[in-house]
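Taking it in order: structure first as structure tokens, then the write-up.
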Amino acid sequence: MDVAQRFDGPRESCGLFGVFGTSQAAPLIYRGLFALQHRGQEGAGIVVSDGQHIASVKGLGLVSDVFTGKSWDNLPGHMGIGHVRYSTTGSSRIQNVQPIVVECVDGIWAVAHNGNLVNAGRLRRMYQEAGAIFQTSTDSEVLVHLLADPMYRNRPGRVARALAELDGSFSFLLMTKDCVIAARDRKGFRPLSIGRIGNAWVFASETCALNQTMAEYVRDVEPGELVVVDSSGIHSSCFAEARPGHLAQCVFEMVYFARPDSRVFGSNVHQVRVHYGMKLAAEHPVKADVVIAVPDSGNSAALGFSRASNIPLDYGFIRNHYIGRTFIMPEVGARYESVDMKLAILPEVVKDRRVVVVDDSIVRGTTARRRVRSLRDAGAKEIHVRISSPPTAHPCYFGIDFPTREELSAGTRTVDEIRELIGADTLGYLSVDGLLSPFSNRDDYCTACFTGKYPVRIDDAGGKLGLEQGCGQLSFREMSR
């Protein structure tokens, strides 16, 4: 099997932050990435430019581990982009940490990506068969080769033409020595917002990073939009057609990924999760003595469940905040070990009581089973698990770590079988209707991991996905003739 065939196309739901027009770009990007740390704990990187030279620092680990006080001395510039990485497949190595920095015939480009390109394997093979060399195992590097391809480089609208060739989910931040570019895929899978600090423009995966840097929220980058900021100002254009009612905004951003204080796809995440908890209480009522949350992503839904049910809310789990988010750890062994270290139980809250445990999701079922067992050991009389999303029964191809149905607890089991698996007395999931109920534009959300209804075509023979072409763009093969 050749190198091209071994490429597995890592799926990533990461964090992006970029800025143009400030004298201290690197420290500002650091603060932005720190606010986005929940979106990726595997690696971090910052690339800046002073208009003439580009400099970068990146490494494995948390933002605070990669960047120290001395880092800023090596990162002078008035613009830059940054990235925190969460990879769901592929190896954890420094080459895969972004932003990717490459030198083309017309200068240096830096690329930071959040999402998953479902046609990356095909494009990668085309370039490798033509003699191109890839330095990473990420799908993001495909865009670099498109930008360097003479078929794109020598045509007007070079970046737009390259982006239009990409299928799947992406929010991109790109940078040359004199501009910052932001783009979002035509379906709008992943969020990307625009902010402003005085005369400086800021881009962030979530608005919590704008708040952290004292930036004023302006608007979201629209699906299919290309935004360029340079010395002449900010400019917008369309690289792909995006139609309301045909978008695919990832609803799992609301369920788990986004921070509660963020505004994602036009809605406050905390308020949406409180609404989920209230709907969950209406759909799956239970007689109990106390409601507890699995922190942190279950907190808001537990508050909503308590409000709607009039069952008191209390702290049953105490989280060790020095342990990261276990869902986004790439190795299963690391997940299991961290689950045991992450949460401690308050026996005084749960002993001899009927307990409602509210969590955001059950993916594989291992962590839920361990938590239920811990509550039993602490003396809970009854344990009623309530999940503020539907059963996760289908793989995600667009950036969330749901790789196969066999690995998902709901992929091959009924709800009652899952209840037996985790050892709960009762188990209730939020319905799909409840999941979409906070949104007036409910047709614009992707629920494929819950419903199996993908917003793209699936090739059953090859297991690959493909999106329709937009804005009349030629395919890669047609442009290369």
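In the structure tokens, chains take letters A, B, ... by order of appearance, with residues numbered from 1 within each chain and ligands from 1 in the order shown.
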Exercise: segment 403-407 of chain A partners within 7 Å, only C-alpha atoms, chain neighbours under 2 positions left out, as a list of chain:residue names
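The residues satisfying every condition are A:Arg364, A:Ala393, A:His394, A:Pro395, A:Cys396, A:Asp401, A:Ser409, A:Gly411, A:Thr412.
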Filtering to C-alpha atoms, could you give me those residues as a compact mmCIF listing (two decimals), in the first residue's frame?
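selection.txt, freshly written:
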# COMPACT_ATOMS: atom_id res chain seq x y z
CA ARG A 364 -19.09 4.73 23.89
CA ALA A 393 -25.92 6.16 16.77
CA HIS A 394 -24.05 7.17 13.61
CA PRO A 395 -20.47 8.16 12.72
CA CYS A 396 -19.56 11.78 12.05
CA ASP A 401 -14.93 11.75 17.15
CA SER A 409 -23.16 2.52 22.41
CA GLY A 411 -25.01 2.16 17.17
CA THR A 412 -26.09 -1.40 17.86
Contacts of segment 368-380 of chain A at 7 Å or less, counting only C-alpha atoms, minus same-chain residues fewer than 2 places along, as a list in words?
Pro347, Val350, Lys351, Asp352, Arg353, Arg354, Val355, Ile362, Gly365, Thr366, Glu382, Ile383, Leu421, Ile422, Gly423 and Ala424 of chain A
Length of the atom CA of Phe170 of chain A to atom CA of Leu247 of chain A vector [Å]
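Going from atom CA of Phe170 of chain A over to atom CA of Leu247 of chain A, I get 13.1 Å.
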If you run DSSP on the backbone, which residues of segment 267-328 of chain A are strand (DSSP E), as JSON, numbers by chain?
{"A": [267, 268, 290, 291, 292, 293, 317, 318, 319]}
From a DSSP calculation on the backbone, collect every residue of segment 249-327 of chain A in helix (DSSP H, G or I) and output the set as number ranges by chain.
A: 252-257, 269-283, 299-309, 326-327
Can you write just those residues out, N, CA and C atoms, as a short mmCIF file (atom, residue, chain, number, x, y, z; two decimals), in the first residue's frame?
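As a result, out_15.cif now contains:
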data_model
loop_
_atom_site.label_atom_id
_atom_site.label_comp_id
_atom_site.auth_asym_id
_atom_site.auth_seq_id
_atom_site.Cartn_x
_atom_site.Cartn_y
_atom_site.Cartn_z
N PHE A 252 -23.94 19.54 17.48
CA PHE A 252 -23.13 19.06 18.60
C PHE A 252 -22.27 20.18 19.19
N GLU A 253 -22.06 21.25 18.44
CA GLU A 253 -21.42 22.43 19.02
C GLU A 253 -22.24 22.93 20.20
N MET A 254 -23.57 22.91 20.06
CA MET A 254 -24.47 23.34 21.12
C MET A 254 -24.50 22.34 22.27
N VAL A 255 -24.44 21.06 21.95
CA VAL A 255 -24.55 20.01 22.95
C VAL A 255 -23.29 19.94 23.82
N TYR A 256 -22.11 20.03 23.19
CA TYR A 256 -20.88 19.73 23.92
C TYR A 256 -19.73 20.68 23.67
N PHE A 257 -19.37 20.90 22.41
CA PHE A 257 -18.08 21.51 22.12
C PHE A 257 -17.94 22.95 22.59
N VAL A 269 -25.05 29.62 23.93
CA VAL A 269 -24.93 28.20 24.19
C VAL A 269 -25.54 27.83 25.54
N HIS A 270 -25.30 28.61 26.57
CA HIS A 270 -25.86 28.32 27.89
C HIS A 270 -27.38 28.28 27.85
N GLN A 271 -27.99 29.26 27.22
CA GLN A 271 -29.45 29.31 27.16
C GLN A 271 -30.01 28.13 26.39
N VAL A 272 -29.34 27.72 25.33
CA VAL A 272 -29.80 26.55 24.58
C VAL A 272 -29.73 25.31 25.45
N ARG A 273 -28.66 25.15 26.20
CA ARG A 273 -28.51 23.96 27.04
C ARG A 273 -29.51 23.95 28.20
N VAL A 274 -29.81 25.12 28.77
CA VAL A 274 -30.86 25.19 29.79
C VAL A 274 -32.19 24.74 29.20
N HIS A 275 -32.47 25.20 27.99
CA HIS A 275 -33.69 24.79 27.29
C HIS A 275 -33.71 23.27 27.09
N TYR A 276 -32.57 22.69 26.72
CA TYR A 276 -32.49 21.24 26.55
C TYR A 276 -32.86 20.53 27.85
N GLY A 277 -32.35 21.01 28.98
CA GLY A 277 -32.65 20.39 30.26
C GLY A 277 -34.13 20.46 30.60
N MET A 278 -34.75 21.58 30.29
CA MET A 278 -36.18 21.73 30.58
C MET A 278 -37.00 20.79 29.68
N LYS A 279 -36.63 20.69 28.41
CA LYS A 279 -37.33 19.76 27.51
C LYS A 279 -37.12 18.32 27.97
N LEU A 280 -35.93 18.02 28.44
CA LEU A 280 -35.61 16.67 28.90
C LEU A 280 -36.48 16.30 30.11
N ALA A 281 -36.70 17.25 31.01
CA ALA A 281 -37.55 16.99 32.18
C ALA A 281 -38.99 16.73 31.76
N ALA A 282 -39.44 17.44 30.72
CA ALA A 282 -40.81 17.24 30.23
C ALA A 282 -40.96 15.91 29.50
N GLU A 283 -39.92 15.51 28.75
CA GLU A 283 -40.00 14.28 27.97
C GLU A 283 -39.78 13.03 28.82
N ASN A 299 -23.71 21.02 33.02
CA ASN A 299 -24.17 21.96 34.06
C ASN A 299 -25.44 22.71 33.66
N SER A 300 -25.44 23.29 32.47
CA SER A 300 -26.57 24.12 32.06
C SER A 300 -27.83 23.29 31.88
N ALA A 301 -27.71 22.10 31.31
CA ALA A 301 -28.87 21.24 31.12
C ALA A 301 -29.42 20.76 32.46
N ALA A 302 -28.54 20.50 33.43
CA ALA A 302 -28.99 20.10 34.76
C ALA A 302 -29.76 21.22 35.43
N LEU A 303 -29.32 22.45 35.23
CA LEU A 303 -30.05 23.61 35.77
C LEU A 303 -31.44 23.67 35.17
N GLY A 304 -31.54 23.46 33.86
CA GLY A 304 -32.84 23.47 33.21
C GLY A 304 -33.74 22.34 33.69
N PHE A 305 -33.15 21.14 33.86
CA PHE A 305 -33.93 20.01 34.35
C PHE A 305 -34.47 20.29 35.75
N SER A 306 -33.64 20.86 36.60
CA SER A 306 -34.07 21.18 37.96
C SER A 306 -35.19 22.21 37.97
N ARG A 307 -35.05 23.23 37.16
CA ARG A 307 -36.08 24.28 37.09
C ARG A 307 -37.43 23.71 36.66
N ALA A 308 -37.41 22.87 35.64
CA ALA A 308 -38.66 22.35 35.08
C ALA A 308 -39.30 21.29 35.96
N SER A 309 -38.48 20.53 36.70
CA SER A 309 -39.00 19.42 37.50
C SER A 309 -39.23 19.78 38.96
N THR A 326 -12.08 14.92 28.65
CA THR A 326 -11.76 13.55 28.30
C THR A 326 -12.26 13.15 26.93
N PHE A 327 -13.35 13.74 26.46
CA PHE A 327 -13.90 13.38 25.15
C PHE A 327 -12.90 13.67 24.04
#
Ranking A:Ile54, A:Met151, A:Ala209, A:Ala120 by minimum distance to Gly18 of chain A and counting only C-alpha atoms, which one comes first?
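Comparing A:Ile54, A:Met151, A:Ala209, A:Ala120 against Gly18 of chain A, the winner is A:Ala209.
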Show me, as JSON lines, the residues of segment 157-243 of chain A having an atom within 10 Å of segment 126-143 of chain A, each with the closest atom pair and its distance in Å, using only C-alpha atoms.
{"residue": "A:Val159", "atom": "CA", "partner": "A:Leu143", "partner_atom": "CA", "distance": 9.2}
{"residue": "A:Ala162", "atom": "CA", "partner": "A:Leu143", "partner_atom": "CA", "distance": 6.9}
{"residue": "A:Leu163", "atom": "CA", "partner": "A:Leu143", "partner_atom": "CA", "distance": 7.4}
{"residue": "A:Glu165", "atom": "CA", "partner": "A:Leu143", "partner_atom": "CA", "distance": 9.0}
{"residue": "A:Leu166", "atom": "CA", "partner": "A:Leu143", "partner_atom": "CA", "distance": 8.0}
{"residue": "A:Phe170", "atom": "CA", "partner": "A:Ser140", "partner_atom": "CA", "distance": 9.2}
{"residue": "A:Phe172", "atom": "CA", "partner": "A:Ser140", "partner_atom": "CA", "distance": 9.1}
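Distance-wise, atom CA of Met175 of chain A and atom CA of Ser64 of chain A end up 23.4 Å apart.
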What is the distance, in Å and to one decimal place, between atom CA of Pro455 of chain A and atom CA of Pro391 of chain A?
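Distance reported for this atom pair: 18.6 Å.
When only C-alpha atoms are used to compute distances to Arg419 of chain A, the closest of the residues A:Ile318, A:Asp167, A:Val356, A:His384 turns out to be A:His384.
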What's the 7 Å shell around Gln249 of chain A, counting only C-alpha atoms, without same-chain residues fewer than 5 positions away, as a PDB file with N, CA and C atoms, in the first residue's frame?
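Everything below was put into result-v7.pdb:
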ATOM      1  N   LYS A 187     -21.689  24.833   3.652  1.00  0.00           N
ATOM      2  CA  LYS A 187     -22.742  24.297   4.514  1.00  0.00           C
ATOM      3  C   LYS A 187     -22.733  24.924   5.907  1.00  0.00           C
ATOM      4  N   GLY A 188     -21.637  25.605   6.258  1.00  0.00           N
ATOM      5  CA  GLY A 188     -21.562  26.265   7.555  1.00  0.00           C
ATOM      6  C   GLY A 188     -21.421  25.319   8.730  1.00  0.00           C
ATOM      7  N   PHE A 189     -20.766  24.172   8.529  1.00  0.00           N
ATOM      8  CA  PHE A 189     -20.645  23.183   9.597  1.00  0.00           C
ATOM      9  C   PHE A 189     -20.036  23.772  10.873  1.00  0.00           C
ATOM     10  N   ARG A 190     -18.914  24.469  10.729  1.00  0.00           N
ATOM     11  CA  ARG A 190     -18.154  24.942  11.881  1.00  0.00           C
ATOM     12  C   ARG A 190     -18.288  26.460  12.043  1.00  0.00           C
ATOM     13  N   ASP A 444     -31.420  24.119   9.179  1.00  0.00           N
ATOM     14  CA  ASP A 444     -30.038  24.505   8.898  1.00  0.00           C
ATOM     15  C   ASP A 444     -29.034  23.843   9.834  1.00  0.00           C
ATOM     16  N   TYR A 445     -29.461  22.814  10.569  1.00  0.00           N
ATOM     17  CA  TYR A 445     -28.567  22.125  11.501  1.00  0.00           C
ATOM     18  C   TYR A 445     -28.325  20.683  11.067  1.00  0.00           C
ATOM     19  N   CYS A 446     -27.086  20.242  11.211  1.00  0.00           N
ATOM     20  CA  CYS A 446     -26.723  18.862  10.927  1.00  0.00           C
ATOM     21  C   CYS A 446     -26.979  18.011  12.167  1.00  0.00           C
TER      22      CYS A 446
END
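Of the residues under consideration (A:Lys381, A:Phe265, A:Asp73, A:Leu33), A:Lys381 shows the shortest atom-to-atom contact distance to Asp289 of chain A when counting only C-alpha atoms.
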